[in-house]
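Chemist: You'll find target-v3.txt just under this line, and it carries compact mmCIF, N, CA and C atoms and all ligand atoms.
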```
# COMPACT_ATOMS: atom_id res chain seq x y z
N MET S 10 -1.88 -85.71 -100.67
CA MET S 10 -3.12 -86.48 -100.46
C MET S 10 -4.33 -85.54 -100.51
N LYS S 11 -5.39 -86.01 -101.15
CA LYS S 11 -6.60 -85.19 -101.24
C LYS S 11 -7.67 -85.78 -100.30
N ILE S 12 -8.14 -84.94 -99.38
CA ILE S 12 -9.14 -85.35 -98.39
C ILE S 12 -10.48 -84.68 -98.74
N ILE S 13 -11.53 -85.49 -98.79
CA ILE S 13 -12.87 -84.96 -99.02
C ILE S 13 -13.60 -84.97 -97.68
N ILE S 14 -14.20 -83.86 -97.30
CA ILE S 14 -14.86 -83.78 -96.00
C ILE S 14 -16.27 -83.23 -96.15
N GLY S 15 -17.19 -83.75 -95.34
CA GLY S 15 -18.56 -83.25 -95.36
C GLY S 15 -19.22 -83.50 -94.01
N ALA S 16 -20.25 -82.73 -93.73
CA ALA S 16 -20.95 -82.88 -92.44
C ALA S 16 -22.36 -82.31 -92.53
N ASP S 17 -23.25 -82.91 -91.77
CA ASP S 17 -24.58 -82.31 -91.61
C ASP S 17 -24.54 -81.37 -90.39
N HIS S 18 -25.73 -80.97 -89.92
CA HIS S 18 -25.76 -80.02 -88.79
C HIS S 18 -25.17 -80.62 -87.52
N GLY S 19 -25.27 -81.97 -87.39
CA GLY S 19 -24.72 -82.61 -86.18
C GLY S 19 -23.21 -82.57 -86.15
N GLY S 20 -22.59 -82.37 -87.31
CA GLY S 20 -21.13 -82.37 -87.37
C GLY S 20 -20.54 -81.08 -87.89
N PHE S 21 -21.43 -80.10 -88.17
CA PHE S 21 -20.97 -78.87 -88.83
C PHE S 21 -19.85 -78.16 -88.08
N GLN S 22 -20.05 -77.96 -86.80
CA GLN S 22 -19.06 -77.19 -86.03
C GLN S 22 -17.71 -77.91 -86.00
N LEU S 23 -17.76 -79.24 -85.79
CA LEU S 23 -16.51 -80.01 -85.75
C LEU S 23 -15.82 -79.98 -87.11
N LYS S 24 -16.60 -80.05 -88.19
CA LYS S 24 -16.01 -79.97 -89.54
C LYS S 24 -15.26 -78.66 -89.73
N GLU S 25 -15.86 -77.57 -89.32
CA GLU S 25 -15.21 -76.27 -89.52
C GLU S 25 -13.88 -76.21 -88.77
N GLU S 26 -13.86 -76.78 -87.57
CA GLU S 26 -12.62 -76.78 -86.78
C GLU S 26 -11.59 -77.71 -87.41
N LEU S 27 -12.05 -78.87 -87.89
CA LEU S 27 -11.12 -79.85 -88.47
C LEU S 27 -10.52 -79.36 -89.79
N ILE S 28 -11.26 -78.58 -90.54
CA ILE S 28 -10.71 -78.06 -91.81
C ILE S 28 -9.49 -77.18 -91.51
N LYS S 29 -9.58 -76.38 -90.46
CA LYS S 29 -8.43 -75.51 -90.10
C LYS S 29 -7.24 -76.39 -89.73
N ILE S 30 -7.51 -77.45 -88.99
CA ILE S 30 -6.43 -78.34 -88.54
C ILE S 30 -5.85 -79.13 -89.70
N LEU S 31 -6.70 -79.55 -90.63
CA LEU S 31 -6.22 -80.32 -91.77
C LEU S 31 -5.22 -79.53 -92.60
N ASN S 32 -5.34 -78.22 -92.59
CA ASN S 32 -4.39 -77.40 -93.34
C ASN S 32 -2.97 -77.59 -92.80
N ASN S 33 -2.84 -77.93 -91.52
CA ASN S 33 -1.51 -78.18 -90.95
C ASN S 33 -0.98 -79.57 -91.30
N PHE S 34 -1.83 -80.43 -91.83
CA PHE S 34 -1.39 -81.78 -92.20
C PHE S 34 -0.79 -81.79 -93.62
N HIS S 35 -0.78 -80.63 -94.26
CA HIS S 35 -0.25 -80.51 -95.62
C HIS S 35 -0.97 -81.45 -96.59
N VAL S 36 -2.29 -81.48 -96.46
CA VAL S 36 -3.11 -82.24 -97.40
C VAL S 36 -4.03 -81.25 -98.11
N GLN S 37 -4.51 -81.65 -99.28
CA GLN S 37 -5.50 -80.82 -99.98
C GLN S 37 -6.87 -81.19 -99.43
N VAL S 38 -7.68 -80.20 -99.12
CA VAL S 38 -8.99 -80.48 -98.52
C VAL S 38 -10.10 -79.98 -99.44
N ILE S 39 -11.05 -80.86 -99.73
CA ILE S 39 -12.24 -80.44 -100.48
C ILE S 39 -13.44 -80.60 -99.57
N ASP S 40 -14.11 -79.48 -99.33
CA ASP S 40 -15.28 -79.43 -98.44
C ASP S 40 -16.54 -79.50 -99.31
N VAL S 41 -17.36 -80.56 -99.11
CA VAL S 41 -18.59 -80.68 -99.90
C VAL S 41 -19.81 -80.14 -99.15
N GLY S 42 -19.59 -79.46 -98.04
CA GLY S 42 -20.68 -78.88 -97.26
C GLY S 42 -21.02 -79.75 -96.05
N ALA S 43 -21.92 -79.30 -95.27
CA ALA S 43 -22.71 -78.09 -95.37
C ALA S 43 -21.81 -76.85 -95.24
N PHE S 44 -22.22 -75.79 -95.92
CA PHE S 44 -21.42 -74.57 -95.89
C PHE S 44 -21.93 -73.57 -94.87
N GLU S 45 -23.09 -73.86 -94.30
CA GLU S 45 -23.58 -73.06 -93.18
C GLU S 45 -24.42 -73.96 -92.29
N TYR S 46 -24.57 -73.58 -91.05
CA TYR S 46 -25.36 -74.41 -90.13
C TYR S 46 -26.84 -74.35 -90.52
N ASN S 47 -27.41 -75.53 -90.73
CA ASN S 47 -28.85 -75.61 -91.04
C ASN S 47 -29.36 -76.84 -90.28
N GLY S 48 -30.07 -76.59 -89.20
CA GLY S 48 -30.53 -77.65 -88.32
C GLY S 48 -31.48 -78.64 -88.98
N SER S 49 -31.92 -78.33 -90.21
CA SER S 49 -32.84 -79.23 -90.92
C SER S 49 -32.16 -80.01 -92.03
N ASP S 50 -30.85 -79.86 -92.21
CA ASP S 50 -30.24 -80.59 -93.33
C ASP S 50 -30.12 -82.07 -92.99
N ASP S 51 -29.82 -82.88 -94.03
CA ASP S 51 -29.88 -84.34 -93.91
C ASP S 51 -28.51 -84.97 -94.16
N TYR S 52 -28.08 -85.82 -93.21
CA TYR S 52 -26.73 -86.41 -93.33
C TYR S 52 -26.48 -87.18 -94.63
N PRO S 53 -27.49 -87.87 -95.23
CA PRO S 53 -27.16 -88.61 -96.46
C PRO S 53 -26.64 -87.70 -97.58
N ASP S 54 -27.12 -86.47 -97.63
CA ASP S 54 -26.69 -85.58 -98.72
C ASP S 54 -25.19 -85.37 -98.69
N PHE S 55 -24.62 -85.23 -97.52
CA PHE S 55 -23.19 -84.96 -97.40
C PHE S 55 -22.39 -86.26 -97.42
N ALA S 56 -22.95 -87.29 -96.79
CA ALA S 56 -22.26 -88.60 -96.77
C ALA S 56 -22.13 -89.13 -98.20
N ILE S 57 -23.19 -89.02 -98.96
CA ILE S 57 -23.17 -89.54 -100.34
C ILE S 57 -22.25 -88.70 -101.22
N ALA S 58 -22.24 -87.39 -100.98
CA ALA S 58 -21.35 -86.52 -101.77
C ALA S 58 -19.89 -86.90 -101.54
N VAL S 59 -19.51 -87.14 -100.29
CA VAL S 59 -18.12 -87.54 -99.99
C VAL S 59 -17.87 -88.92 -100.59
N ALA S 60 -18.79 -89.85 -100.35
CA ALA S 60 -18.59 -91.24 -100.78
C ALA S 60 -18.46 -91.35 -102.30
N LYS S 61 -19.26 -90.59 -103.04
CA LYS S 61 -19.18 -90.65 -104.51
C LYS S 61 -17.84 -90.14 -105.00
N MET S 62 -17.32 -89.13 -104.36
CA MET S 62 -16.00 -88.62 -104.77
C MET S 62 -14.91 -89.64 -104.48
N ILE S 63 -15.02 -90.34 -103.38
CA ILE S 63 -14.03 -91.39 -103.07
C ILE S 63 -14.19 -92.53 -104.06
N SER S 64 -15.42 -92.91 -104.32
CA SER S 64 -15.70 -93.99 -105.27
C SER S 64 -15.15 -93.66 -106.66
N ASN S 65 -15.28 -92.39 -107.07
CA ASN S 65 -14.81 -91.94 -108.39
C ASN S 65 -13.32 -91.58 -108.39
N LYS S 66 -12.66 -91.86 -107.29
CA LYS S 66 -11.22 -91.57 -107.14
C LYS S 66 -10.90 -90.08 -107.34
N GLU S 67 -11.85 -89.25 -106.90
CA GLU S 67 -11.61 -87.80 -106.93
C GLU S 67 -10.97 -87.34 -105.63
N GLY S 68 -10.75 -88.28 -104.74
CA GLY S 68 -10.09 -87.99 -103.48
C GLY S 68 -9.50 -89.28 -102.95
N ASP S 69 -8.52 -89.16 -102.04
CA ASP S 69 -7.85 -90.35 -101.52
C ASP S 69 -8.56 -90.90 -100.28
N LYS S 70 -8.95 -90.01 -99.38
CA LYS S 70 -9.63 -90.44 -98.16
C LYS S 70 -10.74 -89.45 -97.85
N GLY S 71 -11.80 -89.95 -97.19
CA GLY S 71 -12.92 -89.09 -96.86
C GLY S 71 -13.16 -89.02 -95.36
N ILE S 72 -13.75 -87.92 -94.96
CA ILE S 72 -14.16 -87.74 -93.56
C ILE S 72 -15.60 -87.23 -93.57
N ILE S 73 -16.47 -87.93 -92.86
CA ILE S 73 -17.86 -87.48 -92.78
C ILE S 73 -18.23 -87.37 -91.31
N ILE S 74 -18.86 -86.27 -90.99
CA ILE S 74 -19.23 -86.02 -89.59
C ILE S 74 -20.74 -85.78 -89.52
N CYS S 75 -21.41 -86.56 -88.72
CA CYS S 75 -22.81 -86.28 -88.39
C CYS S 75 -22.89 -86.26 -86.86
N GLY S 76 -24.07 -86.42 -86.32
CA GLY S 76 -24.17 -86.33 -84.85
C GLY S 76 -23.44 -87.47 -84.17
N SER S 77 -23.66 -88.67 -84.65
CA SER S 77 -23.05 -89.86 -84.05
C SER S 77 -21.97 -90.49 -84.92
N GLY S 78 -21.99 -90.20 -86.21
CA GLY S 78 -21.13 -90.88 -87.19
C GLY S 78 -21.82 -92.10 -87.78
N VAL S 79 -22.88 -92.55 -87.17
CA VAL S 79 -23.52 -93.80 -87.57
C VAL S 79 -24.27 -93.65 -88.90
N GLY S 80 -25.14 -92.65 -88.97
CA GLY S 80 -25.90 -92.46 -90.21
C GLY S 80 -24.97 -92.23 -91.39
N ALA S 81 -23.92 -91.46 -91.16
CA ALA S 81 -22.94 -91.17 -92.22
C ALA S 81 -22.32 -92.46 -92.73
N SER S 82 -21.94 -93.36 -91.82
CA SER S 82 -21.27 -94.60 -92.25
C SER S 82 -22.25 -95.52 -92.96
N VAL S 83 -23.48 -95.58 -92.48
CA VAL S 83 -24.49 -96.43 -93.13
C VAL S 83 -24.71 -95.96 -94.57
N ALA S 84 -24.87 -94.66 -94.75
CA ALA S 84 -25.11 -94.12 -96.10
C ALA S 84 -23.89 -94.29 -96.99
N ALA S 85 -22.72 -93.96 -96.49
CA ALA S 85 -21.50 -94.00 -97.33
C ALA S 85 -21.20 -95.41 -97.80
N ASN S 86 -21.47 -96.40 -96.97
CA ASN S 86 -21.16 -97.79 -97.33
C ASN S 86 -22.04 -98.34 -98.44
N LYS S 87 -23.08 -97.60 -98.81
CA LYS S 87 -23.93 -98.02 -99.94
C LYS S 87 -23.25 -97.73 -101.28
N ILE S 88 -22.22 -96.91 -101.26
CA ILE S 88 -21.57 -96.50 -102.51
C ILE S 88 -20.39 -97.44 -102.79
N LYS S 89 -20.36 -97.95 -104.01
CA LYS S 89 -19.35 -98.93 -104.41
C LYS S 89 -17.93 -98.39 -104.19
N GLY S 90 -17.11 -99.23 -103.62
CA GLY S 90 -15.71 -98.85 -103.44
C GLY S 90 -15.44 -98.11 -102.15
N VAL S 91 -16.51 -97.83 -101.41
CA VAL S 91 -16.35 -97.08 -100.16
C VAL S 91 -16.35 -98.04 -98.98
N ARG S 92 -15.37 -97.85 -98.11
CA ARG S 92 -15.30 -98.61 -96.85
C ARG S 92 -15.24 -97.57 -95.74
N ALA S 93 -16.40 -97.37 -95.11
CA ALA S 93 -16.54 -96.31 -94.11
C ALA S 93 -16.84 -96.91 -92.74
N ALA S 94 -16.30 -96.31 -91.70
CA ALA S 94 -16.59 -96.78 -90.35
C ALA S 94 -16.49 -95.63 -89.36
N VAL S 95 -17.28 -95.74 -88.32
CA VAL S 95 -17.15 -94.81 -87.19
C VAL S 95 -15.98 -95.30 -86.36
N CYS S 96 -15.01 -94.45 -86.16
CA CYS S 96 -13.86 -94.80 -85.30
C CYS S 96 -13.66 -93.66 -84.31
N HIS S 97 -13.91 -93.96 -83.07
CA HIS S 97 -13.70 -92.95 -82.03
C HIS S 97 -12.52 -93.32 -81.14
N ASP S 98 -11.73 -94.29 -81.60
CA ASP S 98 -10.47 -94.60 -80.90
C ASP S 98 -9.38 -94.70 -81.96
N THR S 99 -8.17 -94.35 -81.60
CA THR S 99 -7.08 -94.26 -82.59
C THR S 99 -6.66 -95.64 -83.09
N TYR S 100 -6.81 -96.67 -82.28
CA TYR S 100 -6.45 -98.01 -82.74
C TYR S 100 -7.28 -98.39 -83.97
N SER S 101 -8.59 -98.18 -83.88
CA SER S 101 -9.47 -98.53 -85.00
C SER S 101 -9.22 -97.63 -86.21
N ALA S 102 -8.99 -96.34 -85.97
CA ALA S 102 -8.77 -95.41 -87.09
C ALA S 102 -7.52 -95.80 -87.88
N LYS S 103 -6.50 -96.31 -87.20
CA LYS S 103 -5.24 -96.72 -87.86
C LYS S 103 -5.38 -98.14 -88.42
N GLN S 104 -5.82 -99.06 -87.58
CA GLN S 104 -5.92 -100.45 -88.00
C GLN S 104 -6.98 -100.66 -89.10
N GLY S 105 -8.02 -99.84 -89.07
CA GLY S 105 -9.06 -99.92 -90.10
C GLY S 105 -8.47 -99.68 -91.49
N VAL S 106 -7.51 -98.77 -91.58
CA VAL S 106 -6.83 -98.53 -92.86
C VAL S 106 -5.85 -99.65 -93.14
N GLU S 107 -5.04 -100.01 -92.17
CA GLU S 107 -3.96 -100.99 -92.39
C GLU S 107 -4.50 -102.38 -92.76
N HIS S 108 -5.57 -102.80 -92.12
CA HIS S 108 -6.09 -104.15 -92.34
C HIS S 108 -7.27 -104.18 -93.32
N ASP S 109 -8.14 -103.19 -93.24
CA ASP S 109 -9.42 -103.25 -93.96
C ASP S 109 -9.51 -102.26 -95.12
N ASP S 110 -8.44 -101.50 -95.33
CA ASP S 110 -8.40 -100.48 -96.39
C ASP S 110 -9.55 -99.47 -96.25
N LEU S 111 -9.83 -99.13 -95.02
CA LEU S 111 -10.83 -98.10 -94.71
C LEU S 111 -10.49 -96.83 -95.50
N ASN S 112 -11.46 -96.28 -96.22
CA ASN S 112 -11.14 -95.05 -96.95
C ASN S 112 -12.02 -93.87 -96.55
N VAL S 113 -12.98 -94.09 -95.65
CA VAL S 113 -13.78 -92.98 -95.13
C VAL S 113 -13.91 -93.12 -93.61
N LEU S 114 -13.49 -92.08 -92.93
CA LEU S 114 -13.61 -92.03 -91.46
C LEU S 114 -14.87 -91.26 -91.11
N CYS S 115 -15.72 -91.85 -90.28
CA CYS S 115 -16.95 -91.18 -89.85
C CYS S 115 -16.82 -90.81 -88.38
N LEU S 116 -17.21 -89.60 -88.07
CA LEU S 116 -17.08 -89.11 -86.69
C LEU S 116 -18.42 -88.58 -86.20
N GLY S 117 -18.60 -88.64 -84.91
CA GLY S 117 -19.81 -88.10 -84.28
C GLY S 117 -19.50 -86.77 -83.61
N GLY S 118 -20.03 -85.72 -84.19
CA GLY S 118 -19.79 -84.38 -83.65
C GLY S 118 -20.41 -84.16 -82.28
N ARG S 119 -21.36 -85.04 -81.93
CA ARG S 119 -21.99 -84.91 -80.61
C ARG S 119 -21.32 -85.85 -79.60
N ILE S 120 -20.34 -86.62 -80.08
CA ILE S 120 -19.73 -87.64 -79.22
C ILE S 120 -18.32 -87.26 -78.80
N ILE S 121 -17.55 -86.75 -79.76
CA ILE S 121 -16.14 -86.45 -79.45
C ILE S 121 -15.88 -84.95 -79.59
N GLY S 122 -14.81 -84.52 -78.94
CA GLY S 122 -14.38 -83.12 -79.03
C GLY S 122 -13.21 -82.99 -79.99
N ILE S 123 -12.75 -81.76 -80.12
CA ILE S 123 -11.74 -81.45 -81.13
C ILE S 123 -10.41 -82.16 -80.86
N GLU S 124 -10.02 -82.31 -79.62
CA GLU S 124 -8.70 -82.92 -79.34
C GLU S 124 -8.68 -84.40 -79.74
N VAL S 125 -9.74 -85.11 -79.41
CA VAL S 125 -9.82 -86.53 -79.81
C VAL S 125 -9.90 -86.61 -81.33
N ALA S 126 -10.69 -85.72 -81.94
CA ALA S 126 -10.84 -85.73 -83.40
C ALA S 126 -9.49 -85.51 -84.08
N LYS S 127 -8.66 -84.63 -83.54
CA LYS S 127 -7.33 -84.38 -84.12
C LYS S 127 -6.49 -85.64 -84.11
N GLU S 128 -6.51 -86.36 -82.99
CA GLU S 128 -5.74 -87.61 -82.87
C GLU S 128 -6.24 -88.63 -83.87
N LEU S 129 -7.56 -88.69 -84.04
CA LEU S 129 -8.15 -89.65 -84.97
C LEU S 129 -7.76 -89.33 -86.41
N LEU S 130 -7.78 -88.05 -86.75
CA LEU S 130 -7.38 -87.64 -88.10
C LEU S 130 -5.96 -88.04 -88.38
N SER S 131 -5.10 -87.80 -87.42
CA SER S 131 -3.69 -88.13 -87.59
C SER S 131 -3.52 -89.64 -87.81
N ALA S 132 -4.19 -90.44 -87.00
CA ALA S 132 -4.09 -91.90 -87.12
C ALA S 132 -4.61 -92.36 -88.48
N PHE S 133 -5.73 -91.80 -88.91
CA PHE S 133 -6.38 -92.21 -90.17
C PHE S 133 -5.56 -91.75 -91.39
N ILE S 134 -5.14 -90.53 -91.38
CA ILE S 134 -4.46 -89.96 -92.55
C ILE S 134 -3.08 -90.58 -92.75
N ASN S 135 -2.39 -90.84 -91.66
CA ASN S 135 -1.02 -91.36 -91.78
C ASN S 135 -0.96 -92.87 -92.01
N ALA S 136 -2.07 -93.56 -91.82
CA ALA S 136 -2.06 -95.03 -91.98
C ALA S 136 -2.13 -95.40 -93.46
N LYS S 137 -1.50 -96.54 -93.78
CA LYS S 137 -1.55 -97.06 -95.16
C LYS S 137 -2.01 -98.51 -95.11
N TYR S 138 -2.73 -98.92 -96.13
CA TYR S 138 -3.15 -100.33 -96.23
C TYR S 138 -1.91 -101.20 -96.34
N SER S 139 -1.84 -102.25 -95.52
CA SER S 139 -0.62 -103.07 -95.47
C SER S 139 -0.46 -103.96 -96.69
N GLY S 140 -1.58 -104.37 -97.28
CA GLY S 140 -1.52 -105.25 -98.45
C GLY S 140 -1.07 -106.66 -98.12
N GLU S 141 -0.99 -106.99 -96.83
CA GLU S 141 -0.57 -108.34 -96.45
C GLU S 141 -1.57 -109.37 -96.98
N GLU S 142 -1.05 -110.55 -97.27
CA GLU S 142 -1.86 -111.58 -97.94
C GLU S 142 -3.16 -111.84 -97.21
N ARG S 143 -3.08 -111.97 -95.89
CA ARG S 143 -4.31 -112.32 -95.16
C ARG S 143 -5.35 -111.19 -95.21
N HIS S 144 -4.88 -109.96 -95.25
CA HIS S 144 -5.81 -108.83 -95.32
C HIS S 144 -6.40 -108.72 -96.73
N ASP S 145 -5.53 -108.95 -97.73
CA ASP S 145 -6.02 -108.95 -99.11
C ASP S 145 -7.08 -110.03 -99.33
N ARG S 146 -6.80 -111.21 -98.76
CA ARG S 146 -7.74 -112.34 -98.91
C ARG S 146 -9.11 -111.97 -98.32
N ARG S 147 -9.07 -111.35 -97.13
CA ARG S 147 -10.33 -110.99 -96.45
C ARG S 147 -11.04 -109.85 -97.19
N LEU S 148 -10.25 -108.88 -97.64
CA LEU S 148 -10.84 -107.74 -98.35
C LEU S 148 -11.49 -108.20 -99.65
N LYS S 149 -10.84 -109.13 -100.34
CA LYS S 149 -11.41 -109.64 -101.61
C LYS S 149 -12.78 -110.26 -101.36
N LYS S 150 -12.95 -110.94 -100.22
CA LYS S 150 -14.25 -111.54 -99.90
C LYS S 150 -15.32 -110.46 -99.70
N VAL S 151 -14.91 -109.35 -99.17
CA VAL S 151 -15.84 -108.22 -98.99
C VAL S 151 -16.15 -107.59 -100.36
N LEU S 152 -15.10 -107.39 -101.15
CA LEU S 152 -15.29 -106.73 -102.44
C LEU S 152 -16.13 -107.56 -103.41
N GLU S 153 -16.10 -108.88 -103.24
CA GLU S 153 -16.94 -109.77 -104.06
C GLU S 153 -18.41 -109.36 -103.96
N LEU S 154 -18.80 -108.85 -102.81
CA LEU S 154 -20.20 -108.47 -102.58
C LEU S 154 -20.64 -107.29 -103.45
N GLU S 155 -19.66 -106.56 -103.95
CA GLU S 155 -19.99 -105.39 -104.77
C GLU S 155 -20.19 -105.74 -106.24
N LYS S 156 -19.88 -107.00 -106.59
CA LYS S 156 -19.97 -107.39 -108.01
C LYS S 156 -21.42 -107.70 -108.40
C1 LIG C 201 -29.16 -85.41 -87.01
O1 LIG C 201 -29.91 -84.83 -85.99
C2 LIG C 201 -28.56 -86.75 -86.59
O2 LIG C 201 -29.57 -87.71 -86.54
C3 LIG C 201 -27.47 -87.14 -87.55
O3 LIG C 201 -26.50 -86.15 -87.54
C4 LIG C 201 -26.70 -88.40 -87.26
O4 LIG C 201 -26.35 -88.50 -85.92
C5 LIG C 201 -27.23 -89.65 -87.78
O5 LIG C 201 -26.61 -90.72 -87.59
```
For the file at hand, write its structure as structure tokens.
Modeler:
Amino acid sequence: MKIIIGADHGGFQLKEELIKILNNFHVQVIDVGAFEYNGSDDYPDFAIAVAKMISNKEGDKGIIICGSGVGASVAANKIKGVRAAVCHDTYSAKQGVEHDDLNVLCLGGRIIGIEVAKELLSAFINAKYSGEERHDRRLKKVLELEK
């Protein structure tokens, strides 16, 4: 599995820690930046970079970290084919994939610590879209909006 990850200054430190941990998940990781801490950088630059790669199928799942996760999810959801959400509980991180085909997990580097983030990554990465009829029916209604 190929994971695309990006973060602004609000998520930079957590991103650096998560990249080390992702190596233990036996996934390929592509880091789109920020590559150094810059307190003036802008979350849309990294959120859009991750989202475009997911949209272009250059990666399987994305992770975007900003201060709260909110700005990242708002920006990423503007890109066609991207379903991004802030999930700070493992139920949502898993169920979001299984029911809603979530393909980008957004995290708040100012909200959660590394241990919770590890659990969330595990829930998100290991989950698969169920493809059940009722979920497909609902997802199709959402995808219609992109046409
Ligand atoms: C940046 O200071 C902060 O506003 C940003 O990381 C994020 O929290 C936006 O949602």
Chemist: Enter the distance from CA of Cys75 in chain S to CA of Asp17 in chain S, in Å, rounded to one decimal.
Modeler: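 Result for CA of Cys75 in chain S versus CA of Asp17 in chain S: 5.4 Å, one decimal.
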Chemist: Need the shell around range 112-114 of chain S: protein/DNA/RNA residues with any atom at most 8 Å away, counting all atoms listed in the file. Skip same-chain ones fewer than 5 positions apart. Format as an MDAnalysis selection string?
Modeler: chainID S and resid 59:60 63 69:74 78 81:82 90:96 102 105:106 133
Chemist: Please provide as a PyMOL selection string all residues within 10 Å of His144 in chain S, with the sequence filter that same-chain residues fewer than 3 positions apart are discarded (counting only C-alpha atoms).
Modeler: chain S and resi 107-110+138-141+147-150
Chemist: Scan for residues within 12 Å of the point (-11.2, -83.3, -80.4) in the coordinates of the file, using only C-alpha atoms, and reply as a PyMOL selection string.
Modeler: chain S and resi 22-24+26-27+30+97-99+116-131
Chemist: Could those selected residues go to a file with N, CA and C atoms, as a JSON list (two decimals), in the coordinates of the input?
Modeler:
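Contents of the output file selection-v2.json:
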```
[["chain", "number", "residue", "atom", "x", "y", "z"],
["S", 22, "GLN", "N", -20.05, -77.96, -86.80],
["S", 22, "GLN", "CA", -19.06, -77.19, -86.03],
["S", 22, "GLN", "C", -17.71, -77.91, -86.00],
["S", 23, "LEU", "N", -17.76, -79.24, -85.79],
["S", 23, "LEU", "CA", -16.51, -80.01, -85.75],
["S", 23, "LEU", "C", -15.82, -79.98, -87.11],
["S", 24, "LYS", "N", -16.60, -80.05, -88.19],
["S", 24, "LYS", "CA", -16.01, -79.97, -89.54],
["S", 24, "LYS", "C", -15.26, -78.66, -89.73],
["S", 26, "GLU", "N", -13.86, -76.78, -87.57],
["S", 26, "GLU", "CA", -12.62, -76.78, -86.78],
["S", 26, "GLU", "C", -11.59, -77.71, -87.41],
["S", 27, "LEU", "N", -12.05, -78.87, -87.89],
["S", 27, "LEU", "CA", -11.12, -79.85, -88.47],
["S", 27, "LEU", "C", -10.52, -79.36, -89.79],
["S", 30, "ILE", "N", -7.51, -77.45, -88.99],
["S", 30, "ILE", "CA", -6.43, -78.34, -88.54],
["S", 30, "ILE", "C", -5.85, -79.13, -89.70],
["S", 97, "HIS", "N", -13.91, -93.96, -83.07],
["S", 97, "HIS", "CA", -13.70, -92.95, -82.03],
["S", 97, "HIS", "C", -12.52, -93.32, -81.14],
["S", 98, "ASP", "N", -11.73, -94.29, -81.60],
["S", 98, "ASP", "CA", -10.47, -94.60, -80.90],
["S", 98, "ASP", "C", -9.38, -94.70, -81.96],
["S", 99, "THR", "N", -8.17, -94.35, -81.60],
["S", 99, "THR", "CA", -7.08, -94.26, -82.59],
["S", 99, "THR", "C", -6.66, -95.64, -83.09],
["S", 116, "LEU", "N", -17.21, -89.60, -88.07],
["S", 116, "LEU", "CA", -17.08, -89.11, -86.69],
["S", 116, "LEU", "C", -18.42, -88.58, -86.20],
["S", 117, "GLY", "N", -18.60, -88.64, -84.91],
["S", 117, "GLY", "CA", -19.81, -88.10, -84.28],
["S", 117, "GLY", "C", -19.50, -86.77, -83.61],
["S", 118, "GLY", "N", -20.03, -85.72, -84.19],
["S", 118, "GLY", "CA", -19.79, -84.38, -83.65],
["S", 118, "GLY", "C", -20.41, -84.16, -82.28],
["S", 119, "ARG", "N", -21.36, -85.04, -81.93],
["S", 119, "ARG", "CA", -21.99, -84.91, -80.61],
["S", 119, "ARG", "C", -21.32, -85.85, -79.60],
["S", 120, "ILE", "N", -20.34, -86.62, -80.08],
["S", 120, "ILE", "CA", -19.73, -87.64, -79.22],
["S", 120, "ILE", "C", -18.32, -87.26, -78.80],
["S", 121, "ILE", "N", -17.55, -86.75, -79.76],
["S", 121, "ILE", "CA", -16.14, -86.45, -79.45],
["S", 121, "ILE", "C", -15.88, -84.95, -79.59],
["S", 122, "GLY", "N", -14.81, -84.52, -78.94],
["S", 122, "GLY", "CA", -14.38, -83.12, -79.03],
["S", 122, "GLY", "C", -13.21, -82.99, -79.99],
["S", 123, "ILE", "N", -12.75, -81.76, -80.12],
["S", 123, "ILE", "CA", -11.74, -81.45, -81.13],
["S", 123, "ILE", "C", -10.41, -82.16, -80.86],
["S", 124, "GLU", "N", -10.02, -82.31, -79.62],
["S", 124, "GLU", "CA", -8.70, -82.92, -79.34],
["S", 124, "GLU", "C", -8.68, -84.40, -79.74],
["S", 125, "VAL", "N", -9.74, -85.11, -79.41],
["S", 125, "VAL", "CA", -9.82, -86.53, -79.81],
["S", 125, "VAL", "C", -9.90, -86.61, -81.33],
["S", 126, "ALA", "N", -10.69, -85.72, -81.94],
["S", 126, "ALA", "CA", -10.84, -85.73, -83.40],
["S", 126, "ALA", "C", -9.49, -85.51, -84.08],
["S", 127, "LYS", "N", -8.66, -84.63, -83.54],
["S", 127, "LYS", "CA", -7.33, -84.38, -84.12],
["S", 127, "LYS", "C", -6.49, -85.64, -84.11],
["S", 128, "GLU", "N", -6.51, -86.36, -82.99],
["S", 128, "GLU", "CA", -5.74, -87.61, -82.87],
["S", 128, "GLU", "C", -6.24, -88.63, -83.87],
["S", 129, "LEU", "N", -7.56, -88.69, -84.04],
["S", 129, "LEU", "CA", -8.15, -89.65, -84.97],
["S", 129, "LEU", "C", -7.76, -89.33, -86.41],
["S", 130, "LEU", "N", -7.78, -88.05, -86.75],
["S", 130, "LEU", "CA", -7.38, -87.64, -88.10],
["S", 130, "LEU", "C", -5.96, -88.04, -88.38],
["S", 131, "SER", "N", -5.10, -87.80, -87.42],
["S", 131, "SER", "CA", -3.69, -88.13, -87.59],
["S", 131, "SER", "C", -3.52, -89.64, -87.81]]
```
Chemist: Counting only N, CA and C atoms, figure out which residue out of S:Glu25, S:Val151, S:His18, S:Glu67 gets nearest to Ser49 in chain S.
Modeler: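 Result for the nearest residue to Ser49 in chain S: S:His18.
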Chemist: Specify the axis-aligned box that encloses all atoms of range 127-139 of chain S listed in the file after padding of 6 Å on each side, stating its centre and edge lengths in Å to one decimal as JSON.
Modeler:
```
{"center_x": -4.6, "center_y": -94.2, "center_z": -89.8, "size_x": 20.2, "size_y": 31.6, "size_z": 25.8}
```
Chemist: Just give me the gap between atom C2 of ligand LIG 201 (chain C) and CA of Tyr52 in chain S in Å, one decimal is fine.
Modeler: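 Pair atom C2 of ligand LIG 201 (chain C) / CA of Tyr52 in chain S returns 7.0 Å.
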Chemist: Take CA of Glu142 in chain S and atom N of Lys103 in chain S and report the distance between them in Å, one decimal.
Modeler: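 Distance between the two atoms: 19.2 Å.
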Chemist: Given only N, CA and C atoms as the basis, pick out the residue of S:Lys137, S:Met62, S:Leu111, S:Pro53 nearest to Ala84 in chain S.
Modeler: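 When distances to Ala84 in chain S are compared using only N, CA and C atoms, the smallest one comes from S:Pro53.
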